[in-house]
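Source file: model_27.pdb. Holds: PDB, C-alpha atoms.
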```
ATOM      1  CA  MET A   1       6.269 -26.617 -28.342
ATOM      2  CA  ASN A   2       9.133 -24.537 -29.722
ATOM      3  CA  ARG A   3       9.570 -24.357 -33.499
ATOM      4  CA  VAL A   4      12.909 -23.878 -35.209
ATOM      5  CA  ALA A   5      12.621 -22.844 -38.860
ATOM      6  CA  ILE A   6      15.071 -24.042 -41.485
ATOM      7  CA  HIS A   7      14.233 -21.406 -44.066
ATOM      8  CA  GLY A   8      17.916 -20.486 -44.319
ATOM      9  CA  TRP A   9      18.809 -23.969 -45.572
ATOM     10  CA  ALA A  10      16.057 -23.931 -48.169
ATOM     11  CA  LEU A  11      17.188 -20.467 -49.335
ATOM     12  CA  CYS A  12      20.805 -21.641 -49.699
ATOM     13  CA  ALA A  13      19.655 -24.694 -51.646
ATOM     14  CA  ALA A  14      17.630 -22.512 -54.016
ATOM     15  CA  LEU A  15      20.480 -20.001 -54.581
ATOM     16  CA  PHE A  16      23.090 -22.613 -55.351
ATOM     17  CA  GLY A  17      20.783 -24.775 -57.400
ATOM     18  CA  TRP A  18      21.022 -27.708 -55.101
ATOM     19  CA  GLN A  19      18.324 -30.200 -55.476
ATOM     20  CA  SER A  20      17.234 -32.263 -52.592
ATOM     21  CA  PRO A  21      14.809 -35.134 -52.749
ATOM     22  CA  VAL A  22      13.266 -33.860 -49.499
ATOM     23  CA  LEU A  23      12.053 -30.288 -49.930
ATOM     24  CA  ALA A  24       8.495 -30.997 -48.892
ATOM     25  CA  GLY A  25       8.527 -29.033 -45.648
ATOM     26  CA  ASN A  26      10.071 -25.722 -44.749
ATOM     27  CA  SER A  27      10.031 -26.140 -40.972
ATOM     28  CA  LEU A  28      11.138 -28.683 -38.451
ATOM     29  CA  ASP A  29       9.422 -29.251 -35.128
ATOM     30  CA  VAL A  30      11.891 -29.473 -32.271
ATOM     31  CA  GLU A  31      10.682 -30.184 -28.745
ATOM     32  CA  PHE A  32      12.683 -29.202 -25.702
ATOM     33  CA  SER A  33      12.260 -30.627 -22.241
ATOM     34  CA  GLY A  34      14.320 -30.530 -19.105
ATOM     35  CA  GLU A  35      14.373 -30.363 -15.382
ATOM     36  CA  LEU A  36      15.398 -27.436 -13.249
ATOM     37  CA  VAL A  37      17.483 -28.491 -10.297
ATOM     38  CA  SER A  38      18.527 -26.473  -7.329
ATOM     39  CA  THR A  39      22.216 -26.032  -6.842
ATOM     40  CA  ALA A  40      21.617 -24.034  -3.710
ATOM     41  CA  CYS A  41      22.753 -24.991  -0.260
ATOM     42  CA  GLN A  42      21.425 -28.137   1.353
ATOM     43  CA  VAL A  43      20.220 -28.819   4.845
ATOM     44  CA  ALA A  44      23.058 -30.792   6.433
ATOM     45  CA  ALA A  45      22.408 -34.476   7.100
ATOM     46  CA  GLU A  46      22.577 -34.030  10.878
ATOM     47  CA  SER A  47      19.804 -31.412  10.737
ATOM     48  CA  ILE A  48      17.344 -33.610   8.873
ATOM     49  CA  ASN A  49      15.064 -35.598  11.188
ATOM     50  CA  LYS A  50      16.813 -34.004  14.139
ATOM     51  CA  LYS A  51      15.823 -35.307  17.560
ATOM     52  CA  ILE A  52      16.331 -32.976  20.515
ATOM     53  CA  THR A  53      16.200 -34.512  23.967
ATOM     54  CA  LEU A  54      15.495 -32.222  26.885
ATOM     55  CA  TYR A  55      17.411 -33.429  29.942
ATOM     56  CA  ASN A  56      17.098 -32.669  33.649
ATOM     57  CA  LEU A  57      13.587 -31.285  33.512
ATOM     58  CA  ARG A  58      11.978 -30.920  36.907
ATOM     59  CA  TRP A  59       8.199 -30.660  36.900
ATOM     60  CA  GLN A  60       8.237 -28.739  40.182
ATOM     61  CA  PHE A  61      10.625 -26.104  38.766
ATOM     62  CA  ILE A  62       8.494 -25.759  35.603
ATOM     63  CA  ASN A  63       5.308 -25.362  37.647
ATOM     64  CA  GLU A  64       6.891 -22.747  39.940
ATOM     65  CA  LYS A  65       8.777 -20.739  37.284
ATOM     66  CA  GLY A  66       6.435 -21.410  34.351
ATOM     67  CA  THR A  67       9.188 -22.613  32.013
ATOM     68  CA  SER A  68      12.299 -24.753  31.944
ATOM     69  CA  GLU A  69      15.776 -23.650  30.982
ATOM     70  CA  VAL A  70      16.415 -23.357  27.224
ATOM     71  CA  THR A  71      18.019 -26.301  25.443
ATOM     72  CA  PRO A  72      20.055 -24.993  22.494
ATOM     73  CA  PHE A  73      20.102 -26.705  19.102
ATOM     74  CA  THR A  74      21.270 -25.820  15.597
ATOM     75  CA  ILE A  75      20.091 -26.196  12.035
ATOM     76  CA  ALA A  76      23.049 -26.538   9.678
ATOM     77  CA  ILE A  77      23.454 -26.064   5.944
ATOM     78  CA  ASP A  78      26.318 -27.111   3.733
ATOM     79  CA  LYS A  79      27.391 -27.529   0.114
ATOM     80  CA  CYS A  80      26.725 -23.892  -0.728
ATOM     81  CA  SER A  81      28.218 -22.723  -4.012
ATOM     82  CA  GLU A  82      30.110 -19.512  -4.656
ATOM     83  CA  THR A  83      26.989 -18.074  -6.305
ATOM     84  CA  ASP A  84      25.016 -18.644  -3.088
ATOM     85  CA  LEU A  85      27.192 -16.285  -1.037
ATOM     86  CA  GLN A  86      25.345 -13.388   0.588
ATOM     87  CA  LYS A  87      21.926 -14.807  -0.292
ATOM     88  CA  SER A  88      19.414 -14.513   2.519
ATOM     89  CA  ILE A  89      18.230 -17.719   4.115
ATOM     90  CA  LYS A  90      14.568 -17.878   5.032
ATOM     91  CA  LEU A  91      13.253 -20.593   7.284
ATOM     92  CA  THR A  92       9.615 -21.475   7.878
ATOM     93  CA  TRP A  93       8.799 -23.434  11.037
ATOM     94  CA  LYS A  94       5.603 -25.382  10.402
ATOM     95  CA  SER A  95       3.031 -26.973  12.664
ATOM     96  CA  ASN A  96      -0.728 -27.219  12.972
ATOM     97  CA  GLU A  97      -0.410 -28.243  16.630
ATOM     98  CA  LEU A  98      -0.088 -24.773  18.129
ATOM     99  CA  VAL A  99      -1.724 -22.950  20.999
ATOM    100  CA  ASN A 100      -1.523 -19.188  21.517
ATOM    101  CA  ILE A 101      -0.759 -17.693  24.889
ATOM    102  CA  GLY A 102      -0.683 -13.923  24.715
ATOM    103  CA  SER A 103       1.292 -12.972  21.620
ATOM    104  CA  GLU A 104       3.316 -16.210  21.547
ATOM    105  CA  SER A 105       2.550 -19.577  19.969
ATOM    106  CA  PHE A 106       3.571 -22.842  21.601
ATOM    107  CA  LEU A 107       3.726 -26.367  20.263
ATOM    108  CA  THR A 108       1.393 -28.823  21.921
ATOM    109  CA  THR A 109       2.894 -32.169  22.880
ATOM    110  CA  LYS A 110       1.806 -35.783  22.968
ATOM    111  CA  GLY A 111       2.086 -37.637  26.248
ATOM    112  CA  ASP A 112       0.919 -37.448  29.848
ATOM    113  CA  SER A 113       2.763 -34.324  31.022
ATOM    114  CA  GLY A 114       0.535 -31.753  29.308
ATOM    115  CA  VAL A 115       3.492 -29.419  28.694
ATOM    116  CA  LEU A 116       3.939 -27.058  25.765
ATOM    117  CA  LEU A 117       7.137 -26.355  23.841
ATOM    118  CA  GLY A 118       8.459 -22.912  22.998
ATOM    119  CA  LEU A 119      11.029 -22.275  20.283
ATOM    120  CA  ILE A 120      13.315 -19.258  20.196
ATOM    121  CA  ASP A 121      15.783 -17.850  17.693
ATOM    122  CA  HIS A 122      19.432 -16.906  18.279
ATOM    123  CA  ASP A 123      18.311 -13.588  19.801
ATOM    124  CA  GLU A 124      16.133 -15.492  22.309
ATOM    125  CA  LYS A 125      12.966 -14.155  20.676
ATOM    126  CA  PRO A 126      10.019 -16.487  20.048
ATOM    127  CA  ILE A 127      10.055 -17.893  16.535
ATOM    128  CA  VAL A 128       7.281 -17.008  14.127
ATOM    129  CA  TRP A 129       5.299 -20.061  13.024
ATOM    130  CA  ASN A 130       4.083 -20.910   9.507
ATOM    131  CA  LYS A 131       5.650 -17.817   7.954
ATOM    132  CA  PRO A 132       9.090 -17.432   6.309
ATOM    133  CA  ILE A 133      11.569 -15.531   8.459
ATOM    134  CA  THR A 134      15.065 -14.427   7.477
ATOM    135  CA  ILE A 135      17.601 -16.152   9.709
ATOM    136  CA  GLY A 136      20.834 -14.939   8.133
ATOM    137  CA  ASP A 137      23.018 -14.800   5.056
ATOM    138  CA  ILE A 138      25.083 -17.530   3.460
ATOM    139  CA  ASN A 139      28.687 -16.776   4.342
ATOM    140  CA  THR A 140      30.557 -20.027   3.679
ATOM    141  CA  VAL A 141      31.170 -22.074   0.537
ATOM    142  CA  GLU A 142      30.910 -25.888   0.767
ATOM    143  CA  ASN A 143      31.540 -25.926   4.540
ATOM    144  CA  LEU A 144      28.998 -26.267   7.299
ATOM    145  CA  GLN A 145      27.135 -23.163   8.447
ATOM    146  CA  GLN A 146      24.930 -23.317  11.551
ATOM    147  CA  PHE A 147      21.984 -21.308  12.792
ATOM    148  CA  ASP A 148      21.186 -21.327  16.491
ATOM    149  CA  PHE A 149      17.791 -21.938  18.062
ATOM    150  CA  GLY A 150      16.497 -23.077  21.421
ATOM    151  CA  VAL A 151      13.585 -25.051  22.814
ATOM    152  CA  TYR A 152      12.065 -24.935  26.281
ATOM    153  CA  VAL A 153       9.173 -26.488  28.162
ATOM    154  CA  ARG A 154       6.254 -24.410  29.385
ATOM    155  CA  LYS A 155       3.567 -25.535  31.766
ATOM    156  CA  PRO A 156       0.052 -25.911  30.327
ATOM    157  CA  ILE A 157      -2.313 -22.959  29.938
ATOM    158  CA  THR A 158      -4.371 -24.249  32.821
ATOM    159  CA  GLY A 159      -3.214 -26.599  35.515
ATOM    160  CA  GLU A 160       0.209 -27.944  36.260
ATOM    161  CA  ALA A 161       2.819 -29.859  34.321
ATOM    162  CA  LYS A 162       2.690 -33.529  35.253
ATOM    163  CA  VAL A 163       5.460 -36.063  35.565
ATOM    164  CA  GLY A 164       5.572 -38.089  32.365
ATOM    165  CA  ASP A 165       6.951 -38.368  28.876
ATOM    166  CA  PHE A 166       6.125 -35.958  26.088
ATOM    167  CA  SER A 167       7.049 -35.401  22.465
ATOM    168  CA  GLY A 168       6.401 -32.862  19.756
ATOM    169  CA  ILE A 169       7.168 -32.763  16.057
ATOM    170  CA  VAL A 170       7.706 -29.745  13.820
ATOM    171  CA  THR A 171       8.882 -29.383  10.249
ATOM    172  CA  PHE A 172      10.715 -26.573   8.534
ATOM    173  CA  ASN A 173      11.348 -25.362   5.018
ATOM    174  CA  MET A 174      14.429 -23.468   3.967
ATOM    175  CA  GLU A 175      14.679 -21.164   0.968
ATOM    176  CA  TYR A 176      17.234 -18.711  -0.398
ATOM    177  CA  GLU A 177      16.892 -15.244  -1.956
TER     178      GLU A 177
END
```
Rewrite the structure of this file - the entire thing - as structure tokens.
Amino acid sequence: MNRVAIHGWALCAALFGWQSPVLAGNSLDVEFSGELVSTACQVAAESINKKITLYNLRWQFINEKGTSEVTPFTIAIDKCSETDLQKSIKLTWKSNELVNIGSESFLTTKGDSGVLLGLIDHDEKPIVWNKPITIGDINTVENLQQFDFGVYVRKPITGEAKVGDFSGIVTFNMEYE
């Protein structure tokens, strides 16, 4: 609780001989409350609950080559203010459904195919999971700004990819510095 004293008023009243029927207390309790809100950029509506469909996947190609071609996708931000310019954007890809193969982590999928999903950044490097990574700076005000990523299918650690449907879900957090 913050206290604001009114000693100055009581002193003025005493100097000028003012009499007040209420001179019982010499302090007033004032409580402050509020809510901090972020005025930073927002994840654009089309990047929230984004669904990426991988077309023209051939199980034979994946089994022979080990992976499919990369399907590009973007995460967009908008409504950045002038004060957000040049702030670094950090993104954290999150999942507990990962499997490590060598130094890379892949997302496990649901479905009959048994495939894994790999995510890459704009430099075609594997993304880092469950840890904030800097993906760029804010360089537009109000307008849409996009960050490029890609997803590809990898055959299972053991065995072959099978014909069938699959799906995987990841979440991400975005923060600004």
Tell me, as a ChimeraX atom specification, which residues lie within 8 Å of Ser95 in chain A, counting all atoms listed in the file; anything in the same chain fewer than 2 positions away does not count.
/A:93,97-98,107,129-130,169-171
Export of the given selection (C-alpha atoms) as a PDB file, in the coordinates of the input:
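Output contents, as saved in selection.pdb:
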```
ATOM      1  CA  TRP A  93       8.799 -23.434  11.037  1.00  0.00           C
ATOM      2  CA  GLU A  97      -0.410 -28.243  16.630  1.00  0.00           C
ATOM      3  CA  LEU A  98      -0.088 -24.773  18.129  1.00  0.00           C
ATOM      4  CA  LEU A 107       3.726 -26.367  20.263  1.00  0.00           C
ATOM      5  CA  TRP A 129       5.299 -20.061  13.024  1.00  0.00           C
ATOM      6  CA  ASN A 130       4.083 -20.910   9.507  1.00  0.00           C
ATOM      7  CA  ILE A 169       7.168 -32.763  16.057  1.00  0.00           C
ATOM      8  CA  VAL A 170       7.706 -29.745  13.820  1.00  0.00           C
ATOM      9  CA  THR A 171       8.882 -29.383  10.249  1.00  0.00           C
TER      10      THR A 171
END
```
Suppose a student applies the PyMOL selection byres ((chain A and resi 142) around 10) to this structure; what residues should they get, written as a PyMOL selection string?
chain A and resi 41-42+77-82+140-141+143-145
Pairwise distance for CA of Asn56 in chain A and CA of Thr109 in chain A, rounded to one decimal in Å
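Computing the Euclidean distance for CA of Asn56 in chain A and CA of Thr109 in chain A yields 17.8 Å.
Atom to atom, CA of Gly102 in chain A and CA of Ile127 in chain A stand 14.1 Å apart.
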Could you work out how far CA of Leu54 in chain A lies from CA of Val153 in chain A, giving the answer in Å with one decimal?
8.6 Å
Nearest candidate to Ala161 in chain A (options A:Leu119, A:Leu57, A:Ile101, A:Leu91; using only C-alpha atoms)
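Among the listed residues, the smallest separation from Ala161 in chain A belongs to A:Leu57.
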I'd like to see the residues matched by the PyMOL selection byres ((chain A and resi 88) around 7) on this file, and ideally I'd get them as a PyMOL selection string.
chain A and resi 86-87+89-90+134+136-138+176-177
Would you export the selected residues with C-alpha atoms as a tab-separated table (two decimals), in the frame of the given file, please?
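The result, written out as part.tsv:
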```
chain	number	residue	atom	x	y	z
A	86	GLN	CA	25.34	-13.39	0.59
A	87	LYS	CA	21.93	-14.81	-0.29
A	89	ILE	CA	18.23	-17.72	4.12
A	90	LYS	CA	14.57	-17.88	5.03
A	134	THR	CA	15.06	-14.43	7.48
A	136	GLY	CA	20.83	-14.94	8.13
A	137	ASP	CA	23.02	-14.80	5.06
A	138	ILE	CA	25.08	-17.53	3.46
A	176	TYR	CA	17.23	-18.71	-0.40
A	177	GLU	CA	16.89	-15.24	-1.96
```
Taking all atoms of range 134-150 of chain A that appear in the file, build a box with edges along x, y and z, extend it by 3 Å on every side, and state its centre and edge lengths in Å to one decimal, as AutoDock Vina command-line options.
```
--center_x 23.3 --center_y -20.3 --center_z 11.0 --size_x 22.5 --size_y 17.8 --size_z 26.9
```
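Proximity ranking of A:Ala44, A:Ala76, A:Ile52, A:Val115 relative to Gly159 in chain A places A:Val115 first, based on only C-alpha atoms.
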So what does the PyMOL selection byres ((chain A and resi 72) around 10) actually pick up in this one, as a short mmCIF file (atom, residue, chain, number, x, y, z; two decimals) with C-alpha atoms, keeping the file's coordinate frame?
```cif
data_model
loop_
_atom_site.label_atom_id
_atom_site.label_comp_id
_atom_site.auth_asym_id
_atom_site.auth_seq_id
_atom_site.Cartn_x
_atom_site.Cartn_y
_atom_site.Cartn_z
CA ILE A 52 16.33 -32.98 20.52
CA LEU A 54 15.50 -32.22 26.88
CA GLU A 69 15.78 -23.65 30.98
CA VAL A 70 16.42 -23.36 27.22
CA THR A 71 18.02 -26.30 25.44
CA PHE A 73 20.10 -26.70 19.10
CA THR A 74 21.27 -25.82 15.60
CA LEU A 119 11.03 -22.28 20.28
CA ILE A 120 13.32 -19.26 20.20
CA ASP A 121 15.78 -17.85 17.69
CA HIS A 122 19.43 -16.91 18.28
CA ASP A 148 21.19 -21.33 16.49
CA PHE A 149 17.79 -21.94 18.06
CA GLY A 150 16.50 -23.08 21.42
CA VAL A 151 13.58 -25.05 22.81
CA TYR A 152 12.06 -24.94 26.28
#
```
Here is a test: counting only C-alpha atoms, which residue of A:Glu124, A:Val43, A:Gln146, A:Lys155 is nearest to Phe172 in chain A?
A:Val43
Which of these, A:Gly66, A:Pro132, A:Pro126, A:Gly164, has the shortest distance to Lys110 in chain A once you count all atoms listed in the file?
A:Gly164
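In this comparison, which uses all atoms listed in the file, the residue of A:Val99, A:Ser105, A:Gly168, A:Leu28 approaching Thr53 in chain A most closely is A:Gly168.
Among the candidates A:Gly118, A:Tyr55, A:Ile62, A:Asp112, the one nearest to Val163 in chain A when counting all atoms listed in the file is A:Asp112.
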